[in-house]
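Below is one structure, written out as structure tokens; comments come after it.
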Amino acid sequence: MPARRLPTLEDVAARAGVSRATASRAVNLDPRVRQQSRVAVAAAVSELGYRPNRAARSLVNREADSIAVVVPEAEDRVFADPFFAAMLASITQRLADSPVQVLLAMGQPGDGRQKIERYLRGGYTDGAIIVSHHRDDDLSGVLHETKLPAVYVGRPYAGDVGIPWVDVDNGSGAALAAEHLIAQGRRRLATIAGPQDMAAGADRLAGWSTALRAAGLDAGLVEYGDFSSSSGATAMQRLLETAPDLDAVFVASDLMAVAAMHEVQSRGIAVPEQIALVGFDDTHAAQLTRPPLTTVINPVGELAGRAVDLLMEMMNGGSVEPVVLQTSLVRRTSG
């Protein structure tokens with residue numbers, strides 16, 4: 001299928017009923033443009049999905065020269081979590097033999113999110129891979145308005161937003177953790193769940209709870225974290241205070257699980273003899289704990305590769321569908 005023709009500034013001017021010069025000034029937020037013309041140009045930009053041309057892009061063949069990896073999280077969170085580093089490295093490696101440059105856009109709630117929106121609307125990139133999507137990000141609205149080719153890594157919280165995605169089966173992965181602990185004879189089980197404004201957090205909690213209820217066990221011992229190390233430690237403290245007799249904990253990310261293990265061991269509680277622990281992600285950190293962490297595989301390299309493939313297909317005018325990858329449990333000695 002041939003690549004679609006991208007709208008030009010001339011198309012915007014014609015749709016808005018203004019001159020090309022006026023359209024250019026309006027797109028660049030020139031305050032001298034009359035309100036009526038500004039509104040007309042904004043409507044035309046939205047309807048056509050126009051993105052400003054960049055000097056670095058060839059005016060003849062308009063080949064893609066960059067994609068953005070968009071992470072709507074605070075910078076300290078991005079650089080502290082090995083998942084993001086592995087994801088960015090895998091995306092970059094996938095494109096190593098292509099001329100496409102990888103750019104990184106980050107932003108926390110507030111001004112940071114506004115910067116991301118301005119970036120996506122500004123025509124600075126040819127496509128986007130959205131990582132770590134939250135319910136209130138509202139990036140799908142921006143992507144629809146700009147018609148920027150984009151793929152989510154992680155199922156969008158809102159479900160079908162008309163933008164393709166690639167994800168692991170988080171619910172089944174959490175159920176694997178539950179079934180593994182139950183098979184060991186653990187009966188007082190708890191979980192440290194991820195943020196419930198993210199599909200990964202909600203799906204892992206749902207899969208865990210369903211498996212416990214199917215085994216006739218109480219699924220009510222739940223504390224919540226935000227996938228950060230500090231939140232895992234705090235949640236583990238609360239669990240130990242609430243249920244000192246618990247004998248197993250499923251933690252929804254390895255980063256939280258490592259901190260939870262440290263918290264348990266600092267109190268003289270033996271892992272796994274007294275409390276078994278299972279994480280989720282299979283990051284390098286899972287192999288460095290003592291004892292090594294049993295965990296659910298989150299295949300970052302495959303997620304990244306499939307996301308890049310989907311995006312490049314879209315940028316070439318093709319149509320794509322969401323992708324769900326299966327997972328498995330890595331049995332080590334923490335649980």
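The way I read the labels, and the way they are meant: chains A, B, ... in the order of the structure tokens, residue 1 as the first residue of every chain, and ligand 1 as the first ligand shown, with later ones counted on from there.
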Please, which residues of region 97-320 of chain A, numbered as in this document, come out strand (DSSP E or B) from DSSP, as a ChimeraX atom specification? /A:101-106,128-131,150-153,165-168,189-193,222-224,248-251,276-281,294-297
So that I have them on file, write out the residues from the current selection with N, CA and C atoms, as a compact mmCIF listing (two decimals), in the first residue's frame.
# COMPACT_ATOMS: atom_id res chain seq x y z
N GLN A 101 16.05 8.30 13.77
CA GLN A 101 16.60 8.71 15.06
C GLN A 101 15.54 8.55 16.15
N VAL A 102 15.96 8.14 17.35
CA VAL A 102 15.04 7.97 18.47
C VAL A 102 15.20 9.16 19.42
N LEU A 103 14.09 9.81 19.73
CA LEU A 103 14.05 10.95 20.64
C LEU A 103 13.29 10.56 21.90
N LEU A 104 13.60 11.17 23.02
CA LEU A 104 12.94 10.87 24.28
C LEU A 104 12.21 12.10 24.78
N ALA A 105 10.92 11.93 25.08
CA ALA A 105 10.11 13.02 25.65
C ALA A 105 9.52 12.55 26.96
N MET A 106 9.78 13.28 28.04
CA MET A 106 9.28 12.91 29.36
C MET A 106 8.48 14.08 29.94
N ALA A 128 5.30 8.16 17.22
CA ALA A 128 5.53 8.12 18.67
C ALA A 128 5.21 6.74 19.22
N ILE A 129 6.02 6.33 20.20
CA ILE A 129 5.75 5.14 21.01
C ILE A 129 5.51 5.63 22.43
N ILE A 130 4.30 5.39 22.94
CA ILE A 130 3.91 5.88 24.26
C ILE A 130 4.13 4.77 25.28
N VAL A 131 4.95 5.04 26.29
CA VAL A 131 5.27 4.05 27.32
C VAL A 131 4.76 4.56 28.67
N ALA A 150 1.12 6.44 15.95
CA ALA A 150 1.55 6.19 17.32
C ALA A 150 1.14 4.80 17.76
N VAL A 151 1.92 4.24 18.70
CA VAL A 151 1.66 2.92 19.27
C VAL A 151 1.88 3.03 20.78
N TYR A 152 1.00 2.42 21.54
CA TYR A 152 1.19 2.33 22.99
C TYR A 152 1.94 1.05 23.33
N VAL A 153 2.91 1.15 24.25
CA VAL A 153 3.45 -0.04 24.91
C VAL A 153 2.69 -0.15 26.22
N TRP A 165 -1.72 -1.00 20.13
CA TRP A 165 -0.87 -1.19 21.30
C TRP A 165 -0.29 -2.60 21.31
N VAL A 166 0.77 -2.75 22.08
CA VAL A 166 1.36 -4.06 22.32
C VAL A 166 1.56 -4.20 23.82
N ASP A 167 1.21 -5.37 24.35
CA ASP A 167 1.28 -5.56 25.80
C ASP A 167 1.47 -7.03 26.10
N VAL A 168 1.90 -7.31 27.31
CA VAL A 168 1.96 -8.66 27.83
C VAL A 168 0.62 -8.96 28.50
N LEU A 189 -2.09 -15.07 51.82
CA LEU A 189 -1.42 -14.39 50.72
C LEU A 189 -1.85 -12.93 50.61
N ALA A 190 -0.90 -12.11 50.21
CA ALA A 190 -1.17 -10.68 50.02
C ALA A 190 -0.52 -10.23 48.71
N THR A 191 -0.88 -9.05 48.26
CA THR A 191 -0.24 -8.48 47.08
C THR A 191 0.05 -7.00 47.29
N ILE A 192 1.14 -6.54 46.69
CA ILE A 192 1.41 -5.12 46.56
C ILE A 192 1.12 -4.79 45.10
N ALA A 193 0.00 -4.16 44.88
CA ALA A 193 -0.48 -3.88 43.53
C ALA A 193 0.14 -2.61 42.98
N VAL A 222 -4.48 -6.38 50.27
CA VAL A 222 -3.92 -5.61 49.15
C VAL A 222 -3.40 -4.27 49.66
N GLU A 223 -2.18 -3.95 49.28
CA GLU A 223 -1.64 -2.61 49.43
C GLU A 223 -1.20 -2.13 48.06
N TYR A 224 -1.03 -0.82 47.92
CA TYR A 224 -0.77 -0.26 46.60
C TYR A 224 0.53 0.53 46.56
N ALA A 248 2.96 -15.15 52.17
CA ALA A 248 3.37 -14.98 50.78
C ALA A 248 2.89 -13.63 50.26
N VAL A 249 3.71 -13.01 49.40
CA VAL A 249 3.35 -11.72 48.81
C VAL A 249 3.72 -11.72 47.33
N PHE A 250 2.77 -11.39 46.50
CA PHE A 250 3.04 -11.12 45.09
C PHE A 250 3.16 -9.61 44.92
N VAL A 251 4.28 -9.16 44.36
CA VAL A 251 4.55 -7.74 44.19
C VAL A 251 4.52 -7.43 42.69
N ALA A 276 7.18 -15.96 51.45
CA ALA A 276 7.63 -16.13 50.06
C ALA A 276 7.31 -14.86 49.28
N LEU A 277 8.17 -14.51 48.34
CA LEU A 277 7.98 -13.31 47.53
C LEU A 277 8.11 -13.63 46.05
N VAL A 278 7.18 -13.07 45.26
CA VAL A 278 7.23 -13.20 43.80
C VAL A 278 7.05 -11.81 43.21
N GLY A 279 7.88 -11.47 42.21
CA GLY A 279 7.78 -10.17 41.55
C GLY A 279 7.20 -10.27 40.16
N PHE A 280 7.36 -9.21 39.40
CA PHE A 280 6.87 -9.17 38.02
C PHE A 280 7.79 -8.27 37.21
N ASP A 281 8.37 -8.80 36.14
CA ASP A 281 9.18 -8.07 35.15
C ASP A 281 10.39 -8.88 34.73
N THR A 294 11.96 -14.95 42.53
CA THR A 294 11.02 -15.58 41.60
C THR A 294 10.16 -14.48 41.00
N THR A 295 9.95 -14.52 39.69
CA THR A 295 9.25 -13.40 39.07
C THR A 295 8.59 -13.81 37.76
N VAL A 296 7.68 -12.98 37.31
CA VAL A 296 6.98 -13.19 36.04
C VAL A 296 7.72 -12.42 34.95
N ILE A 297 7.93 -13.07 33.82
CA ILE A 297 8.66 -12.42 32.72
C ILE A 297 7.80 -11.36 32.05
Val12 (chain A) environment, 6 Å, only C-alpha atoms, sequence neighbours closer than 3 positions dropped, as a list of chain:residue names: A:Leu9, A:Arg15, A:Ala44
For those residues, write C-alpha atoms to a file as a CSV table (one decimal), in the first residue's frame.
chain,number,residue,atom,x,y,z
A,9,LEU,CA,0.4,24.2,4.8
A,15,ARG,CA,-9.4,24.7,4.1
A,44,ALA,CA,-8.2,23.1,9.6
Mind checking which residues fall within 10 Å of Ser319 (chain A), counting only C-alpha atoms, ignoring those fewer than 6 positions away in the same chain, and posting them as a PyMOL selection string? chain A and resi 1+164+310-311+313
Export C-alpha atoms of the chosen residues as a PDB file, in the first residue's frame?
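Full text of again_6.pdb as output:
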ATOM      1  CA  MET A   1       0.000   0.000   0.000  1.00  0.00           C
ATOM      2  CA  PRO A 164      -2.798   0.235  18.395  1.00  0.00           C
ATOM      3  CA  LEU A 310       3.757  -1.675  14.294  1.00  0.00           C
ATOM      4  CA  LEU A 311       4.754   1.979  14.174  1.00  0.00           C
ATOM      5  CA  GLU A 313       4.025  -0.212   9.348  1.00  0.00           C
TER       6      GLU A 313
END
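Comparing A:Arg306, A:Arg204, A:Arg213, A:Arg332 by their smallest distance to Pro272 (chain A), the closest is A:Arg332 (using only C-alpha atoms).
Note that CA of Ala42 (chain A) and CA of Val27 (chain A) are 7.6 Å apart.
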With DSSP run on the backbone, what are the alpha helix (DSSP H) residues within region 74-318 of chain A? I'd like them as a PyMOL selection string. chain A and resi 75-80+82-94+111-121+139-146+170-183+199-214+229-242+254-266+285-288+300-315
Counting only C-alpha atoms, figure out which residue out of A:Arg155, A:Arg238, A:Arg187, A:Arg290 gets nearest to Leu325 (chain A). A:Arg155
Exercise: region 144-148 of chain A partners within 9 Å, only C-alpha atoms, chain neighbours under 2 positions left out, as a ChimeraX atom specification: /A:45-51,120-121,123,125-128,139-142,150,162-163,315
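Using only C-alpha atoms, the nearest neighbour of Ala80 (chain A) within the list A:Thr92, A:Ser228, A:Ser19, A:Gln237 is A:Ser228.
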Which is closer to His133 (chain A) than all the others in A:Leu88, A:Val69, A:Gln108, A:Met198, using only C-alpha atoms? A:Met198
Pick from A:Asp97, A:Leu240, A:Pro149, A:Asp226 nearest to Gly318 (chain A), counting only C-alpha atoms: A:Pro149
